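Data from upload-v6.csv: CSV, C-alpha atoms
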```csv
chain,number,residue,atom,x,y,z
A,615,GLU,CA,5.2,-21.6,-10.1
A,616,LYS,CA,5.7,-18.4,-8.0
A,617,ASN,CA,8.9,-17.8,-6.1
A,618,ASN,CA,6.9,-17.8,-2.8
A,619,PRO,CA,3.5,-19.5,-3.4
A,620,TRP,CA,2.8,-19.5,0.3
A,621,SER,CA,2.9,-15.7,0.5
A,622,ALA,CA,1.0,-15.4,-2.8
A,623,VAL,CA,-2.0,-17.4,-1.6
A,624,ILE,CA,-2.0,-15.9,1.9
A,625,GLY,CA,-1.7,-12.4,0.4
A,626,ALA,CA,-4.5,-13.1,-2.1
A,627,SER,CA,-6.8,-14.2,0.8
A,628,LEU,CA,-6.5,-10.7,2.3
A,629,ARG,CA,-8.0,-9.1,-0.8
A,630,VAL,CA,-10.4,-11.7,-2.2
A,631,SER,CA,-11.7,-15.2,-1.4
A,632,ASN,CA,-9.4,-17.9,-2.7
A,633,ARG,CA,-12.6,-20.0,-3.0
A,634,TRP,CA,-13.8,-17.5,-5.6
A,635,ILE,CA,-10.5,-17.7,-7.4
A,636,TYR,CA,-10.7,-21.5,-7.4
A,637,LEU,CA,-14.3,-21.5,-8.7
A,638,LEU,CA,-13.5,-18.9,-11.4
A,639,ALA,CA,-10.4,-20.9,-12.6
A,640,LYS,CA,-12.3,-24.1,-12.6
A,641,ALA,CA,-15.2,-22.6,-14.6
A,642,ASP,CA,-12.7,-21.1,-17.0
A,643,VAL,CA,-11.0,-24.5,-17.6
A,644,LEU,CA,-14.3,-26.4,-18.0
A,645,GLY,CA,-15.4,-23.9,-20.6
A,646,ARG,CA,-12.4,-24.5,-22.8
A,647,ILE,CA,-11.9,-26.9,-25.7
A,648,CYS,CA,-8.3,-28.0,-25.3
A,649,ALA,CA,-6.1,-31.1,-25.2
A,650,ASP,CA,-4.7,-30.4,-21.7
A,651,LYS,CA,-8.0,-29.8,-19.9
A,652,ALA,CA,-7.4,-32.7,-17.5
A,653,ASP,CA,-3.9,-31.3,-16.6
A,654,LEU,CA,-5.3,-27.8,-16.0
A,655,LEU,CA,-8.1,-29.1,-13.8
A,656,GLU,CA,-5.6,-31.0,-11.8
A,657,ARG,CA,-3.6,-27.7,-11.3
A,658,VAL,CA,-6.8,-26.0,-10.1
A,659,GLU,CA,-7.4,-28.7,-7.6
A,660,TYR,CA,-3.8,-28.4,-6.4
A,661,PHE,CA,-4.4,-24.7,-5.8
A,662,LYS,CA,-7.5,-25.5,-3.7
A,663,GLU,CA,-5.6,-28.0,-1.6
A,664,PHE,CA,-2.6,-25.7,-1.2
A,665,CYS,CA,-4.9,-22.9,0.1
A,666,ILE,CA,-6.7,-25.3,2.5
A,667,GLU,CA,-3.3,-26.5,3.8
A,668,ASN,CA,-2.3,-22.8,4.4
A,669,GLN,CA,-5.6,-21.9,6.1
A,670,CYS,CA,-6.7,-19.4,3.5
A,671,PHE,CA,-9.2,-21.1,1.3
A,672,GLU,CA,-12.5,-20.1,2.9
A,673,GLY,CA,-11.3,-16.6,4.2
A,674,ALA,CA,-8.4,-14.4,5.0
A,675,TYR,CA,-5.4,-16.1,6.7
A,676,PRO,CA,-5.9,-15.7,10.5
A,677,PHE,CA,-2.8,-13.7,11.6
A,678,VAL,CA,-2.6,-13.3,15.4
A,679,ASN,CA,-2.0,-9.5,15.0
A,680,THR,CA,-1.2,-6.9,12.4
A,681,HIS,CA,2.5,-6.9,13.3
A,682,SER,CA,2.8,-10.6,12.5
A,683,LYS,CA,1.0,-9.9,9.2
A,684,PHE,CA,3.3,-7.0,8.4
A,685,ARG,CA,6.5,-8.8,9.2
A,686,TYR,CA,5.5,-11.9,7.2
A,687,PHE,CA,5.1,-10.0,4.0
A,688,PHE,CA,7.9,-7.5,4.7
A,689,THR,CA,10.4,-10.3,5.1
A,690,ASP,CA,8.9,-12.4,2.3
A,691,ALA,CA,8.8,-15.4,4.7
A,692,ARG,CA,7.4,-18.8,3.8
A,693,TYR,CA,5.4,-19.5,6.9
A,694,PRO,CA,3.7,-16.9,9.2
A,695,ALA,CA,5.1,-16.6,12.7
A,696,GLU,CA,3.2,-15.5,15.8
A,697,LEU,CA,5.1,-12.4,16.8
A,698,TYR,CA,4.7,-10.1,19.8
A,699,ASP,CA,3.7,-6.6,18.7
A,700,ASP,CA,6.5,-4.5,20.2
A,701,THR,CA,5.9,-1.4,18.0
A,702,ALA,CA,5.8,1.8,20.1
A,703,PHE,CA,4.6,4.4,17.7
A,704,GLN,CA,2.9,4.8,14.3
A,705,ILE,CA,3.9,6.3,11.0
A,706,ARG,CA,0.9,7.1,8.8
A,707,LEU,CA,1.6,7.3,5.1
A,708,MET,CA,-1.0,9.3,3.1
A,709,SER,CA,-1.6,8.2,-0.5
A,710,GLY,CA,-3.6,9.8,-3.2
A,711,ILE,CA,-3.6,11.9,-6.4
A,712,PRO,CA,-3.1,15.6,-5.8
A,713,GLY,CA,-6.5,17.2,-5.2
A,714,SER,CA,-8.0,14.0,-3.8
A,715,GLY,CA,-8.5,15.6,-0.4
A,716,LYS,CA,-5.5,14.4,1.7
A,717,ASP,CA,-5.1,17.8,3.4
A,718,THR,CA,-8.8,18.0,4.1
A,719,PHE,CA,-8.7,14.5,5.6
A,720,LEU,CA,-5.9,15.6,7.9
A,721,LYS,CA,-7.6,18.8,9.1
A,722,ASN,CA,-8.5,17.3,12.5
A,723,ASN,CA,-5.3,15.3,12.7
A,724,LEU,CA,-3.4,15.9,16.0
A,725,LEU,CA,-0.1,14.3,14.9
A,726,PRO,CA,2.9,16.1,13.5
A,727,VAL,CA,2.8,16.2,9.7
A,728,VAL,CA,5.8,15.9,7.3
A,729,SER,CA,4.3,17.5,4.2
A,730,LEU,CA,6.2,17.7,1.0
A,731,ASP,CA,3.9,20.3,-0.4
A,732,ASN,CA,4.4,22.5,2.7
A,733,LEU,CA,8.2,22.1,2.6
A,734,ARG,CA,8.1,22.9,-1.1
A,735,ARG,CA,6.3,26.1,-0.5
A,736,GLU,CA,8.6,27.0,2.4
A,737,MET,CA,11.7,26.4,0.3
A,738,GLY,CA,10.3,28.2,-2.7
A,739,VAL,CA,10.5,25.1,-5.0
A,740,GLU,CA,8.3,25.1,-8.1
A,741,HIS,CA,6.7,22.0,-9.6
A,742,GLY,CA,9.0,20.5,-12.2
A,743,ASP,CA,12.2,21.7,-10.5
A,744,SER,CA,13.8,18.3,-10.1
A,745,LYS,CA,16.9,19.6,-8.2
A,746,GLY,CA,14.8,21.6,-5.8
A,747,GLN,CA,12.5,18.6,-5.3
A,748,GLY,CA,15.5,16.6,-4.3
A,749,HIS,CA,16.3,19.1,-1.5
A,750,VAL,CA,12.6,19.0,-0.4
A,751,VAL,CA,12.7,15.2,-0.1
A,752,GLN,CA,16.0,15.4,1.9
A,753,ALA,CA,14.5,17.9,4.3
A,754,ALA,CA,11.4,15.7,4.7
A,755,TYR,CA,13.5,12.6,5.5
A,756,SER,CA,15.6,14.6,8.0
A,757,LEU,CA,12.5,15.8,9.8
A,758,ALA,CA,10.8,12.4,9.7
A,759,LYS,CA,13.9,10.7,11.1
A,760,LYS,CA,13.9,13.1,14.1
A,761,TYR,CA,10.3,12.1,14.9
A,762,ALA,CA,11.1,8.4,14.4
A,763,ALA,CA,14.2,8.5,16.6
A,764,ALA,CA,12.1,10.1,19.4
A,765,ARG,CA,9.4,7.4,18.9
A,766,GLN,CA,7.0,10.2,18.0
A,767,SER,CA,4.0,9.1,15.8
A,768,PHE,CA,3.7,11.3,12.7
A,769,VAL,CA,2.1,11.6,9.3
A,770,TRP,CA,4.1,11.5,6.0
A,771,ASN,CA,1.8,13.5,3.7
A,772,SER,CA,2.7,13.1,0.0
A,773,THR,CA,1.1,11.4,-3.0
A,774,ASN,CA,2.9,8.0,-2.5
A,775,LEU,CA,1.2,6.7,-5.6
A,776,THR,CA,3.3,3.6,-6.4
A,777,THR,CA,4.1,0.5,-4.4
A,778,ASP,CA,7.8,1.2,-4.9
A,779,LEU,CA,7.6,4.6,-3.4
A,780,ARG,CA,5.6,3.4,-0.3
A,781,SER,CA,8.0,0.4,0.0
A,782,LYS,CA,11.0,2.7,0.0
A,783,LEU,CA,9.6,4.8,2.9
A,784,ILE,CA,8.7,1.7,4.9
A,785,GLN,CA,12.1,0.2,4.3
A,786,THR,CA,13.8,3.4,5.4
A,787,PHE,CA,11.8,3.8,8.6
A,788,SER,CA,11.4,0.1,9.6
A,789,VAL,CA,14.7,0.3,11.5
A,790,TYR,CA,12.8,2.4,14.1
A,791,ASN,CA,10.2,-0.4,14.5
A,792,PRO,CA,7.0,1.6,14.1
A,793,SER,CA,3.6,0.3,13.0
A,794,PHE,CA,2.7,1.5,9.5
A,795,GLN,CA,-0.7,2.7,8.4
A,796,ILE,CA,-1.4,3.6,4.8
A,797,THR,CA,-4.3,6.0,4.3
A,798,TYR,CA,-5.5,6.1,0.7
A,799,VAL,CA,-7.8,9.0,-0.2
A,800,GLU,CA,-9.6,9.4,-3.5
A,801,THR,CA,-12.3,11.5,-5.2
A,802,SER,CA,-13.7,11.9,-8.7
A,803,LEU,CA,-11.5,12.8,-11.6
A,804,ALA,CA,-13.6,15.9,-12.2
A,805,GLN,CA,-12.9,17.1,-8.6
A,806,ILE,CA,-9.1,16.4,-9.0
A,807,PHE,CA,-8.8,18.4,-12.2
A,808,GLN,CA,-10.9,21.2,-10.8
A,809,ARG,CA,-8.9,21.5,-7.6
A,810,ARG,CA,-5.4,21.4,-9.0
A,811,LYS,CA,-5.8,23.0,-12.5
A,812,GLU,CA,-4.0,26.1,-11.3
A,813,ASP,CA,-0.7,24.6,-10.2
A,814,ILE,CA,-0.4,21.1,-11.9
A,815,PRO,CA,-0.7,20.7,-15.7
A,816,SER,CA,-3.5,18.3,-16.8
A,817,ALA,CA,-1.0,16.1,-18.6
A,818,HIS,CA,1.0,15.6,-15.4
A,819,LEU,CA,-2.1,14.7,-13.5
A,820,GLU,CA,-3.1,12.2,-16.1
A,821,ARG,CA,0.3,10.6,-15.9
A,822,MET,CA,0.1,10.3,-12.1
A,823,ILE,CA,-3.3,8.7,-12.4
A,824,ARG,CA,-1.8,6.1,-14.8
A,825,LEU,CA,1.0,5.4,-12.4
A,826,LEU,CA,-1.3,4.8,-9.4
A,827,ASP,CA,-0.9,1.4,-7.6
A,828,MET,CA,-3.8,0.9,-5.2
A,829,PRO,CA,-2.4,0.2,-1.7
A,830,LEU,CA,-2.8,-3.4,-0.7
A,831,PRO,CA,-3.3,-4.9,2.8
A,832,THR,CA,0.1,-6.7,2.5
A,833,GLU,CA,2.0,-3.4,2.4
A,834,ALA,CA,1.5,-2.2,6.0
A,835,HIS,CA,0.1,-3.1,9.4
A,836,GLU,CA,-3.1,-1.3,8.4
A,837,VAL,CA,-4.4,0.0,5.0
A,838,LEU,CA,-7.4,2.3,5.0
A,839,HIS,CA,-9.4,3.6,2.0
A,840,PHE,CA,-11.5,6.8,2.0
A,841,ARG,CA,-13.5,8.5,-0.7
A,842,ASN,CA,-14.2,12.3,-0.7
A,843,ASN,CA,-17.4,13.3,-2.5
```

Show the structure stored in the file as structure tokens.
Amino acid sequence: EKNNPWSAVIGASLRVSNRWIYLLAKADVLGRICADKADLLERVEYFKEFCIENQCFEGAYPFVNTHSKFRYFFTDARYPAELYDDTAFQIRLMSGIPGSGKDTFLKNNLLPVVSLDNLRREMGVEHGDSKGQGHVVQAAYSLAKKYAAARQSFVWNSTNLTTDLRSKLIQTFSVYNPSFQITYVETSLAQIFQRRKEDIPSAHLERMIRLLDMPLPTEAHEVLHFRNN
């Protein structure tokens, strides 16, 4: 009953086994006392057959390369196409709560970095200054577009906590045809509050944690997860 059930089951297969989903759903129905049990079981079997037809019941759908995977979900297509990977450079989007260790992770990075925190400091913009933050974002986009136009790989270093924020960046820079990598960095809540207690109010950090959408493999060519201890 989804708008694009093909994308839904193929996307699910990149995160969890659809066989497990099938078994869990079947066990759930069998454990119910209800009048429509037969109908529900039939739906569960339809799900299994649909996944088998789309090569994603036993494991992840076998995309020929990461570019084919990215373009499939980016365009919300019905059937995956086998595409030649003609990307010439990479944009790495960092993601994580302030204090999670993104800057530490990038310490040995050799690529240019577009850092909203650095631009904020250079421009003298305080946290909570919405107008000033708008100028910071404009400056970041301007610098990033210069790198992209030159086909220069770079890192966009900001929190990028929600799917919508990451999608907006990917939509903006997709015209340059890069490959996208999302690097999500996390640490313990205790570490986060300890590291950022001086410059970000606890209530603001708590709100950011509630807003977090974990990056999914359907969002980019590659999605990496790292944990700092």

List the neighbours of stretch 794-804 of chain A out to 8 Å using only C-alpha atoms; skip same-chain residues closer than 2 positions along the sequence, and give me the result as a tab-separated table (two decimals) with C-alpha atoms, in the frame of the given file.
```
chain	number	residue	atom	x	y	z
A	704	GLN	CA	2.90	4.80	14.30
A	705	ILE	CA	3.90	6.30	11.00
A	706	ARG	CA	0.90	7.10	8.80
A	707	LEU	CA	1.60	7.30	5.10
A	708	MET	CA	-1.00	9.30	3.10
A	709	SER	CA	-1.60	8.20	-0.50
A	710	GLY	CA	-3.60	9.80	-3.20
A	711	ILE	CA	-3.60	11.90	-6.40
A	714	SER	CA	-8.00	14.00	-3.80
A	715	GLY	CA	-8.50	15.60	-0.40
A	716	LYS	CA	-5.50	14.40	1.70
A	784	ILE	CA	8.70	1.70	4.90
A	792	PRO	CA	7.00	1.60	14.10
A	806	ILE	CA	-9.10	16.40	-9.00
A	807	PHE	CA	-8.80	18.40	-12.20
A	808	GLN	CA	-10.90	21.20	-10.80
A	829	PRO	CA	-2.40	0.20	-1.70
A	834	ALA	CA	1.50	-2.20	6.00
A	835	HIS	CA	0.10	-3.10	9.40
A	836	GLU	CA	-3.10	-1.30	8.40
A	837	VAL	CA	-4.40	0.00	5.00
A	838	LEU	CA	-7.40	2.30	5.00
A	839	HIS	CA	-9.40	3.60	2.00
A	840	PHE	CA	-11.50	6.80	2.00
A	841	ARG	CA	-13.50	8.50	-0.70
A	842	ASN	CA	-14.20	12.30	-0.70
A	843	ASN	CA	-17.40	13.30	-2.50
```

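Closest approach to A:Ser793 among A:Arg734, A:Lys760, A:Arg685, A:Lys640 is made by A:Arg685 (distances from only C-alpha atoms).
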
Nearest residue to A:Ser788 from the set A:Trp634, A:Pro712, A:Phe664, A:Arg765 (distances using all atoms listed in the file):
A:Arg765

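Here atom CA of A:Leu697 is placed at a distance of 9.0 Å from atom CA of A:Lys683.
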
Within 12 Å of A:Ile635 using only C-alpha atoms, minus same-chain residues under 2 positions, as an MDAnalysis selection string:
chainID A and resid 623 626:627 629:633 637:642 658:659 661:662 665 670:673

Interatomic distance (Å, one decimal) between atom CA of A:Ser767 and atom CA of A:Leu628
26.2 Å

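Nearest to A:Arg692 of all the residues A:Asn722, A:Ser781, A:Asn668, A:Thr776 is A:Asn668, counting only C-alpha atoms.
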